[in-house]
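Enquirer: Supplied in structure tokens, the structure appears directly below.
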Amino acid sequence: MEIRWLEDFIALAKTRHFSRAADEQNVTQPTFSRRIKLLEEEMGVQLVDRNTLPLSLTPAGELFLDAADKITRILRDTREECHAIREEQSSRLVFATTQTLYLSFYKAWLEPFSRSLDIALDLNLHSTAWTVRDFSHALMEQQCDIMLCYWHPSIELLADASPNVFEYVKIASERLLPCSSVDESGAPKFVLPGHKRRPIPFIDYHDNAFLKPVVHHTITHAQNDLHLVTVNKNFHSVSVKAMIREGFGVGWIPFRLAQESIRYGRMKPAGDERYYTDLEVRFYRKRDNKHPSLEKLWNKLKEHTEANVSVV
């Protein structure tokens with residue numbers, strides 16, 4: 001049974017005339033009459049009394065009309081709801097970022113900012129486990145519309161892509177600093193640069209972690225040799241922070257992630273600014289992605305940047 005047969009039957013019940021119902025359904029009368037006959041054959045019962053003028057419905061036809069009205073109304077309402085869902089989904093932007101930036105930027109700033117613009121963000125939380133290469137691929141293949149990430153010259157983000165393919169907006173600055181737990185007196189338990197005979201235990205990042213190249217750039221370019229021995233590796237800054245707080249060693253984490261623990265004396269910088277590294281927090285997009293909501297959000301982000309408005 002086809003849905004249009006139900007609509008044909010409802011039109012016939014309303015007009016009580018085959019030719020007028022056919023006109024209303026925009027088909028020829030022979031085609032219309034054939035579809036009503038097919039409907040009756042499908043139901044196994046006569047629905048229309050063709051011997052009356054105007055024609056009338058049989059008792060079975062009256063019962064079927066009530067069901068047809070309900071079915072077509074449910075179908076119409078469901079179709080409208082499905083279209084509304086499709087329109088709502090098509091207006092949403094797929095957003096991806098690292099775990100650290102989800103925790104330090106998304107809830108605190110991006111979510112209320114996008115809500116103020118009436119822009120819905122569809123979060124790709126799988127991105128918390130992505131490598132730098134995964135981020136590059138996702139943006140290139142438009143698996144995400146907009147990406148928030150750290151940037152430093154040592155991070156080979158989009159290194160193989162033409163600068164004409166992507167654009168970015170710097171939204172904030174960040175500092176990567178070495179941190180240590182504190183001793184009973186409140187002083188850092190470990191202090192850089194350490195000693196050759198007693199190297200400092202080092203909480204490192206995995207090789208494919210976003211901040212790994214930045215940390216090793218910092219260590220390599222330190223003004224004096226650092227004496228470190230790797231005791232643990234983690235993918236996320238949150239995990240590095242947890243190991244630091246438990247006193248297992250020194251590790252480099254973003255200041256926004258460390259600031260509360262530093263403020264309350266649970267961690268301290270393990271060295272002075274010689275061992276800090278400046279980062280940028282950037283939004284990236286693919287230039288040819290013309291999603292209307294992306295254009296709106298991107299323009300507002302650029303306005304914030306041009307006005308030097310802090311997002312902290």
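Here, A, B, ... name the chains of the structure tokens in the order displayed, residue numbers run from 1 inside each chain, and ligands are numbered from 1 in the same displayed order.
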Kindly assemble as a tab-separated table a list of the stretch 105-203 of chain A residues that lie within 6 Å of stretch 259-270 of chain A, each paired with its nearest atom pair and their distance in Å to one decimal, using only C-alpha atoms, sorted first by chain and then by ascending residue number.

Expert:
residue	atom	partner	partner_atom	distance
A:Pro178	CA	A:Ala270	CA	5.3
A:Cys179	CA	A:Pro269	CA	4.3
A:Ser180	CA	A:Ala270	CA	5.3
A:Ser181	CA	A:Met267	CA	4.6
A:Val182	CA	A:Met267	CA	5.7
A:Pro188	CA	A:Lys268	CA	5.5
A:Val191	CA	A:Ala270	CA	4.7
A:Leu192	CA	A:Ala270	CA	5.9

Enquirer: For A:Glu62, find every residue with an atom within 12 Å (counting only C-alpha atoms), except residues of its own chain fewer than 3 positions away, and show them as a PyMOL selection string.

Expert: chain A and resi 9-10+12-14+46-49+56-59+65-69

Enquirer: Residues as selected, all heavy atoms, written as a short mmCIF file (atom, residue, chain, number, x, y, z; two decimals), in the first residue's frame, can you do that?

Expert:
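Everything below was put into selection-v1.cif:
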data_model
loop_
_atom_site.label_atom_id
_atom_site.label_comp_id
_atom_site.auth_asym_id
_atom_site.auth_seq_id
_atom_site.Cartn_x
_atom_site.Cartn_y
_atom_site.Cartn_z
N PHE A 9 -7.76 8.55 -1.33
CA PHE A 9 -9.01 8.14 -0.71
C PHE A 9 -9.62 9.28 0.11
O PHE A 9 -10.84 9.51 0.09
CB PHE A 9 -8.79 6.92 0.16
CG PHE A 9 -10.05 6.38 0.77
CD1 PHE A 9 -10.97 5.67 0.00
CD2 PHE A 9 -10.34 6.57 2.11
CE1 PHE A 9 -12.15 5.18 0.55
CE2 PHE A 9 -11.50 6.09 2.68
CZ PHE A 9 -12.42 5.38 1.89
N ILE A 10 -8.77 10.01 0.85
CA ILE A 10 -9.27 11.14 1.64
C ILE A 10 -9.85 12.22 0.72
O ILE A 10 -10.90 12.81 1.01
CB ILE A 10 -8.13 11.71 2.52
CG1 ILE A 10 -7.72 10.69 3.59
CG2 ILE A 10 -8.53 13.03 3.15
CD1 ILE A 10 -6.47 11.05 4.35
N LEU A 12 -11.17 11.74 -2.24
CA LEU A 12 -12.43 11.22 -2.78
C LEU A 12 -13.55 11.32 -1.76
O LEU A 12 -14.69 11.67 -2.09
CB LEU A 12 -12.23 9.76 -3.21
CG LEU A 12 -13.44 9.07 -3.85
CD1 LEU A 12 -13.88 9.81 -5.11
CD2 LEU A 12 -13.12 7.61 -4.16
N ALA A 13 -13.21 11.02 -0.49
CA ALA A 13 -14.22 11.10 0.57
C ALA A 13 -14.69 12.55 0.76
O ALA A 13 -15.86 12.80 1.10
CB ALA A 13 -13.65 10.55 1.87
N LYS A 14 -13.79 13.49 0.53
CA LYS A 14 -14.14 14.91 0.69
C LYS A 14 -14.98 15.42 -0.48
O LYS A 14 -15.97 16.12 -0.28
CB LYS A 14 -12.87 15.74 0.85
CG LYS A 14 -13.12 17.22 1.06
CD LYS A 14 -11.83 17.99 1.29
CE LYS A 14 -10.99 18.00 0.00
NZ LYS A 14 -9.78 18.85 0.14
N GLN A 46 -14.70 -3.60 -0.30
CA GLN A 46 -15.13 -2.42 -1.04
C GLN A 46 -15.24 -1.24 -0.09
O GLN A 46 -15.85 -1.32 0.97
CB GLN A 46 -16.49 -2.69 -1.72
CG GLN A 46 -16.95 -1.54 -2.61
CD GLN A 46 -18.26 -1.84 -3.32
OE1 GLN A 46 -18.73 -2.98 -3.34
NE2 GLN A 46 -18.87 -0.81 -3.89
N LEU A 47 -14.60 -0.13 -0.48
CA LEU A 47 -14.58 1.07 0.37
C LEU A 47 -15.53 2.15 -0.14
O LEU A 47 -15.97 3.00 0.64
CB LEU A 47 -13.15 1.65 0.43
CG LEU A 47 -12.06 0.72 0.98
CD1 LEU A 47 -10.69 1.38 0.84
CD2 LEU A 47 -12.33 0.35 2.42
N VAL A 48 -15.84 2.13 -1.45
CA VAL A 48 -16.64 3.17 -2.06
C VAL A 48 -17.89 2.55 -2.70
O VAL A 48 -17.80 1.55 -3.44
CB VAL A 48 -15.83 3.92 -3.14
CG1 VAL A 48 -16.69 5.02 -3.77
CG2 VAL A 48 -14.56 4.50 -2.55
N ASP A 49 -19.04 3.14 -2.39
CA ASP A 49 -20.30 2.73 -3.03
C ASP A 49 -20.47 3.58 -4.28
O ASP A 49 -20.80 4.76 -4.18
CB ASP A 49 -21.47 2.92 -2.06
CG ASP A 49 -22.78 2.36 -2.63
OD1 ASP A 49 -22.80 2.04 -3.84
OD2 ASP A 49 -23.73 2.24 -1.86
N SER A 56 -20.85 7.47 -2.20
CA SER A 56 -20.72 7.44 -0.73
C SER A 56 -19.73 6.36 -0.33
O SER A 56 -19.29 5.54 -1.16
CB SER A 56 -22.09 7.18 -0.09
OG SER A 56 -22.60 5.93 -0.52
N LEU A 57 -19.37 6.37 0.93
CA LEU A 57 -18.47 5.35 1.46
C LEU A 57 -19.27 4.22 2.07
O LEU A 57 -20.35 4.43 2.65
CB LEU A 57 -17.53 5.95 2.52
CG LEU A 57 -16.66 7.14 2.10
CD1 LEU A 57 -15.78 7.58 3.27
CD2 LEU A 57 -15.81 6.80 0.88
N THR A 58 -18.75 3.04 1.93
CA THR A 58 -19.35 1.89 2.60
C THR A 58 -19.01 1.99 4.09
O THR A 58 -18.15 2.79 4.50
CB THR A 58 -18.78 0.58 2.03
OG1 THR A 58 -17.38 0.51 2.34
CG2 THR A 58 -18.99 0.50 0.52
N PRO A 59 -19.69 1.19 4.93
CA PRO A 59 -19.32 1.19 6.35
C PRO A 59 -17.82 0.90 6.56
O PRO A 59 -17.16 1.52 7.40
CB PRO A 59 -20.20 0.09 6.94
CG PRO A 59 -21.42 0.10 6.07
CD PRO A 59 -20.91 0.38 4.69
N LEU A 65 -11.56 5.55 6.42
CA LEU A 65 -11.30 6.99 6.32
C LEU A 65 -10.73 7.54 7.63
O LEU A 65 -9.79 8.34 7.62
CB LEU A 65 -12.60 7.73 5.96
CG LEU A 65 -12.51 9.26 5.91
CD1 LEU A 65 -11.53 9.70 4.82
CD2 LEU A 65 -13.88 9.88 5.68
N ASP A 66 -11.29 7.08 8.75
CA ASP A 66 -10.78 7.54 10.04
C ASP A 66 -9.33 7.13 10.22
O ASP A 66 -8.48 7.92 10.67
CB ASP A 66 -11.65 6.95 11.16
CG ASP A 66 -11.21 7.42 12.54
OD1 ASP A 66 -11.22 8.65 12.78
OD2 ASP A 66 -10.83 6.57 13.37
N ALA A 67 -9.00 5.88 9.85
CA ALA A 67 -7.62 5.42 9.97
C ALA A 67 -6.70 6.17 9.01
O ALA A 67 -5.57 6.53 9.36
CB ALA A 67 -7.56 3.91 9.70
N ALA A 68 -7.18 6.41 7.79
CA ALA A 68 -6.36 7.13 6.80
C ALA A 68 -6.05 8.54 7.28
O ALA A 68 -4.93 9.05 7.09
CB ALA A 68 -7.08 7.15 5.46
N ASP A 69 -7.05 9.20 7.89
CA ASP A 69 -6.82 10.55 8.43
C ASP A 69 -5.74 10.52 9.49
O ASP A 69 -4.83 11.37 9.51
CB ASP A 69 -8.12 11.10 9.03
CG ASP A 69 -9.06 11.68 7.99
OD1 ASP A 69 -8.56 12.15 6.95
OD2 ASP A 69 -10.28 11.67 8.21
#

Enquirer: Distance table requested - stretch 246-293 of chain A against stretch 128-150 of chain A, cut-off 7 Å, only C-alpha atoms: one row per qualifying residue with the closest atom pair and its distance in Å to one decimal, ordered by chain and rising residue number, as CSV.

Expert:
residue,atom,partner,partner_atom,distance
A:Leu279,CA,A:Tyr150,CA,6.4
A:Glu280,CA,A:Tyr150,CA,5.6
A:Val281,CA,A:Tyr150,CA,4.7
A:Arg282,CA,A:Cys149,CA,5.6
A:Phe283,CA,A:Leu148,CA,4.5
A:Tyr284,CA,A:Met147,CA,5.2
A:Arg285,CA,A:Ile146,CA,5.0
A:Lys286,CA,A:Leu139,CA,6.7

Enquirer: Can you pull out the residues contacting A:Phe32? Cut-off 8 Å, using only C-alpha atoms, and skip same-chain residues under 4 positions away; I want them as a ChimeraX atom specification.

Expert: /A:8,18,22,27-28,36

Enquirer: Please identify the strand (DSSP E or B) residues within stretch 38-249 of chain A (assignment by DSSP from backbone atoms) and present them as a PyMOL selection string.

Expert: chain A and resi 48-49+56-57+93-97+121-123+146-151+166-182+188+200-205+228-234

Enquirer: Can you write just those residues out, N, CA and C atoms, as a compact mmCIF listing (two decimals), in the first residue's frame?

Expert:
# COMPACT_ATOMS: atom_id res chain seq x y z
N VAL A 48 -15.84 2.13 -1.45
CA VAL A 48 -16.64 3.17 -2.06
C VAL A 48 -17.89 2.55 -2.70
N ASP A 49 -19.04 3.14 -2.39
CA ASP A 49 -20.30 2.73 -3.03
C ASP A 49 -20.47 3.58 -4.28
N SER A 56 -20.85 7.47 -2.20
CA SER A 56 -20.72 7.44 -0.73
C SER A 56 -19.73 6.36 -0.33
N LEU A 57 -19.37 6.37 0.93
CA LEU A 57 -18.47 5.35 1.46
C LEU A 57 -19.27 4.22 2.07
N LEU A 93 27.46 23.60 14.14
CA LEU A 93 28.87 23.52 13.76
C LEU A 93 29.54 22.39 14.53
N VAL A 94 30.30 21.58 13.82
CA VAL A 94 31.05 20.51 14.48
C VAL A 94 32.36 21.10 15.00
N PHE A 95 32.55 20.99 16.31
CA PHE A 95 33.69 21.61 16.99
C PHE A 95 34.59 20.54 17.58
N ALA A 96 35.89 20.73 17.43
CA ALA A 96 36.86 19.78 17.98
C ALA A 96 37.99 20.53 18.66
N THR A 97 38.48 19.95 19.75
CA THR A 97 39.64 20.52 20.43
C THR A 97 40.26 19.46 21.33
N LEU A 121 26.82 24.34 18.81
CA LEU A 121 28.04 23.60 18.54
C LEU A 121 27.81 22.12 18.81
N ASP A 122 28.15 21.30 17.83
CA ASP A 122 28.08 19.85 17.98
C ASP A 122 29.48 19.38 18.35
N LEU A 123 29.65 18.94 19.58
CA LEU A 123 30.98 18.64 20.10
C LEU A 123 31.45 17.26 19.64
N ILE A 146 35.23 23.69 12.80
CA ILE A 146 36.12 24.63 13.48
C ILE A 146 36.90 23.88 14.55
N MET A 147 38.15 24.27 14.70
CA MET A 147 39.05 23.55 15.61
C MET A 147 39.77 24.56 16.49
N LEU A 148 39.87 24.26 17.76
CA LEU A 148 40.59 25.08 18.72
C LEU A 148 41.82 24.31 19.19
N CYS A 149 42.98 24.93 19.10
CA CYS A 149 44.19 24.19 19.48
C CYS A 149 45.30 25.15 19.88
N TYR A 150 46.31 24.58 20.53
CA TYR A 150 47.52 25.33 20.82
C TYR A 150 48.35 25.43 19.55
N TRP A 151 49.13 26.51 19.47
CA TRP A 151 50.07 26.64 18.37
C TRP A 151 51.42 27.09 18.90
N PHE A 166 43.68 26.99 4.68
CA PHE A 166 43.17 27.22 6.02
C PHE A 166 43.41 28.67 6.45
N GLU A 167 42.64 29.08 7.43
CA GLU A 167 42.91 30.35 8.09
C GLU A 167 42.69 30.18 9.59
N TYR A 168 43.26 31.07 10.36
CA TYR A 168 43.15 30.95 11.81
C TYR A 168 42.93 32.31 12.44
N VAL A 169 42.42 32.26 13.66
CA VAL A 169 42.29 33.45 14.50
C VAL A 169 42.95 33.14 15.83
N LYS A 170 43.91 33.96 16.22
CA LYS A 170 44.51 33.81 17.55
C LYS A 170 43.55 34.43 18.56
N ILE A 171 43.12 33.63 19.51
CA ILE A 171 42.11 34.10 20.45
C ILE A 171 42.69 34.38 21.84
N ALA A 172 43.87 33.81 22.13
CA ALA A 172 44.47 34.03 23.46
C ALA A 172 45.92 33.59 23.44
N SER A 173 46.65 33.99 24.47
CA SER A 173 48.01 33.52 24.70
C SER A 173 48.00 32.57 25.88
N GLU A 174 48.96 31.70 25.90
CA GLU A 174 49.09 30.73 26.99
C GLU A 174 50.57 30.54 27.28
N ARG A 175 50.88 30.06 28.48
CA ARG A 175 52.26 29.75 28.84
C ARG A 175 52.32 28.32 29.33
N LEU A 176 53.33 27.63 28.85
CA LEU A 176 53.62 26.28 29.31
C LEU A 176 54.73 26.39 30.34
N LEU A 177 54.47 25.92 31.56
CA LEU A 177 55.46 26.09 32.61
C LEU A 177 55.69 24.79 33.37
N PRO A 178 56.91 24.60 33.88
CA PRO A 178 57.21 23.39 34.65
C PRO A 178 56.66 23.54 36.06
N CYS A 179 56.03 22.50 36.55
CA CYS A 179 55.43 22.56 37.88
C CYS A 179 55.89 21.39 38.73
N SER A 180 55.82 21.61 40.03
CA SER A 180 56.22 20.60 41.00
C SER A 180 55.22 20.59 42.14
N SER A 181 55.11 19.47 42.83
CA SER A 181 54.37 19.46 44.09
C SER A 181 55.16 20.25 45.13
N VAL A 182 54.60 20.44 46.31
CA VAL A 182 55.28 21.23 47.34
C VAL A 182 55.65 20.34 48.52
N PRO A 188 58.63 24.32 46.36
CA PRO A 188 58.58 23.24 45.35
C PRO A 188 59.48 22.07 45.73
N ILE A 200 66.23 15.12 38.12
CA ILE A 200 64.85 15.29 38.59
C ILE A 200 63.93 14.31 37.83
N PRO A 201 63.05 13.60 38.54
CA PRO A 201 62.08 12.75 37.84
C PRO A 201 61.17 13.60 36.95
N PHE A 202 60.96 13.15 35.75
CA PHE A 202 60.30 13.94 34.71
C PHE A 202 59.03 13.24 34.23
N ILE A 203 57.89 13.95 34.31
CA ILE A 203 56.61 13.46 33.79
C ILE A 203 56.48 13.99 32.36
N ASP A 204 56.67 13.13 31.40
CA ASP A 204 56.73 13.54 29.99
C ASP A 204 55.38 13.28 29.30
N TYR A 205 55.30 13.70 28.04
CA TYR A 205 54.14 13.41 27.19
C TYR A 205 54.50 12.28 26.22
N LEU A 228 67.20 15.65 33.86
CA LEU A 228 65.90 15.02 34.04
C LEU A 228 66.00 13.54 33.71
N VAL A 229 65.17 12.73 34.38
CA VAL A 229 65.06 11.32 34.05
C VAL A 229 63.56 11.01 33.92
N THR A 230 63.16 10.53 32.76
CA THR A 230 61.75 10.27 32.51
C THR A 230 61.26 9.09 33.33
N VAL A 231 60.19 9.33 34.12
CA VAL A 231 59.63 8.27 34.95
C VAL A 231 58.21 7.90 34.52
N ASN A 232 57.61 8.74 33.65
CA ASN A 232 56.22 8.49 33.26
C ASN A 232 55.91 9.31 32.00
N LYS A 233 55.00 8.76 31.17
CA LYS A 233 54.53 9.50 29.99
C LYS A 233 53.01 9.48 29.96
N ASN A 234 52.43 10.59 29.57
CA ASN A 234 50.98 10.71 29.48
C ASN A 234 50.58 11.40 28.19

Enquirer: Atom CA of A:His304 to atom CA of A:Arg287: how many Å, to one decimal?

Expert: 19.3 Å

Enquirer: Excluding A:Lys300 and residues on its chain fewer than 3 positions from it, collect all residues at most 12 Å away from it, counting only C-alpha atoms, and give them as a PDB file with N, CA and C atoms, in the first residue's frame.

Expert:
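Ended up saving to part-v8.pdb:
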ATOM      1  N   LEU A 110      33.929  29.580  25.259  1.00  0.00           N
ATOM      2  CA  LEU A 110      33.358  29.356  23.932  1.00  0.00           C
ATOM      3  C   LEU A 110      31.875  29.020  23.986  1.00  0.00           C
ATOM      4  N   PHE A 113      29.876  32.119  24.630  1.00  0.00           N
ATOM      5  CA  PHE A 113      30.069  33.027  23.491  1.00  0.00           C
ATOM      6  C   PHE A 113      29.209  32.590  22.308  1.00  0.00           C
ATOM      7  N   SER A 114      29.251  31.302  21.972  1.00  0.00           N
ATOM      8  CA  SER A 114      28.454  30.809  20.850  1.00  0.00           C
ATOM      9  C   SER A 114      26.968  30.876  21.162  1.00  0.00           C
ATOM     10  N   SER A 116      25.530  33.135  22.963  1.00  0.00           N
ATOM     11  CA  SER A 116      25.114  34.538  22.816  1.00  0.00           C
ATOM     12  C   SER A 116      24.847  34.907  21.360  1.00  0.00           C
ATOM     13  N   LEU A 117      25.448  34.151  20.444  1.00  0.00           N
ATOM     14  CA  LEU A 117      25.234  34.372  19.011  1.00  0.00           C
ATOM     15  C   LEU A 117      24.152  33.457  18.446  1.00  0.00           C
ATOM     16  N   ILE A 119      24.317  30.230  18.156  1.00  0.00           N
ATOM     17  CA  ILE A 119      24.982  29.249  17.303  1.00  0.00           C
ATOM     18  C   ILE A 119      25.190  27.976  18.117  1.00  0.00           C
ATOM     19  N   VAL A 169      42.422  32.264  13.657  1.00  0.00           N
ATOM     20  CA  VAL A 169      42.286  33.454  14.497  1.00  0.00           C
ATOM     21  C   VAL A 169      42.950  33.138  15.831  1.00  0.00           C
ATOM     22  N   ILE A 171      43.116  33.628  19.507  1.00  0.00           N
ATOM     23  CA  ILE A 171      42.113  34.100  20.451  1.00  0.00           C
ATOM     24  C   ILE A 171      42.694  34.384  21.839  1.00  0.00           C
ATOM     25  N   SER A 293      26.591  29.482   9.730  1.00  0.00           N
ATOM     26  CA  SER A 293      26.881  29.679  11.154  1.00  0.00           C
ATOM     27  C   SER A 293      28.372  29.850  11.402  1.00  0.00           C
ATOM     28  N   LEU A 294      29.197  29.173  10.600  1.00  0.00           N
ATOM     29  CA  LEU A 294      30.646  29.321  10.730  1.00  0.00           C
ATOM     30  C   LEU A 294      31.074  30.730  10.349  1.00  0.00           C
ATOM     31  N   GLU A 295      30.499  31.252   9.275  1.00  0.00           N
ATOM     32  CA  GLU A 295      30.831  32.622   8.861  1.00  0.00           C
ATOM     33  C   GLU A 295      30.490  33.609   9.973  1.00  0.00           C
ATOM     34  N   LYS A 296      29.343  33.429  10.589  1.00  0.00           N
ATOM     35  CA  LYS A 296      28.899  34.329  11.657  1.00  0.00           C
ATOM     36  C   LYS A 296      29.838  34.252  12.859  1.00  0.00           C
ATOM     37  N   LEU A 297      30.146  33.025  13.281  1.00  0.00           N
ATOM     38  CA  LEU A 297      31.028  32.847  14.430  1.00  0.00           C
ATOM     39  C   LEU A 297      32.427  33.367  14.125  1.00  0.00           C
ATOM     40  N   GLU A 303      36.381  39.933  15.275  1.00  0.00           N
ATOM     41  CA  GLU A 303      36.092  41.214  15.933  1.00  0.00           C
ATOM     42  C   GLU A 303      36.710  41.251  17.324  1.00  0.00           C
ATOM     43  N   HIS A 304      36.627  40.153  18.055  1.00  0.00           N
ATOM     44  CA  HIS A 304      37.232  40.087  19.388  1.00  0.00           C
ATOM     45  C   HIS A 304      38.745  40.251  19.299  1.00  0.00           C
ATOM     46  N   THR A 305      39.325  39.600  18.330  1.00  0.00           N
ATOM     47  CA  THR A 305      40.783  39.688  18.162  1.00  0.00           C
ATOM     48  C   THR A 305      41.207  41.093  17.808  1.00  0.00           C
ATOM     49  N   GLU A 306      40.495  41.702  16.867  1.00  0.00           N
ATOM     50  CA  GLU A 306      40.856  43.052  16.427  1.00  0.00           C
ATOM     51  C   GLU A 306      40.657  44.083  17.533  1.00  0.00           C
ATOM     52  N   ALA A 307      39.688  43.793  18.435  1.00  0.00           N
ATOM     53  CA  ALA A 307      39.440  44.700  19.556  1.00  0.00           C
ATOM     54  C   ALA A 307      40.324  44.393  20.745  1.00  0.00           C
ATOM     55  N   VAL A 309      40.178  41.932  22.751  1.00  0.00           N
ATOM     56  CA  VAL A 309      39.370  41.543  23.897  1.00  0.00           C
ATOM     57  C   VAL A 309      39.897  40.221  24.455  1.00  0.00           C
TER      58      VAL A 309
END

Enquirer: Which value, in Å to one decimal, gives the distance between atom CA of A:Gly194 and atom CA of A:Glu246?

Expert: 19.1 Å
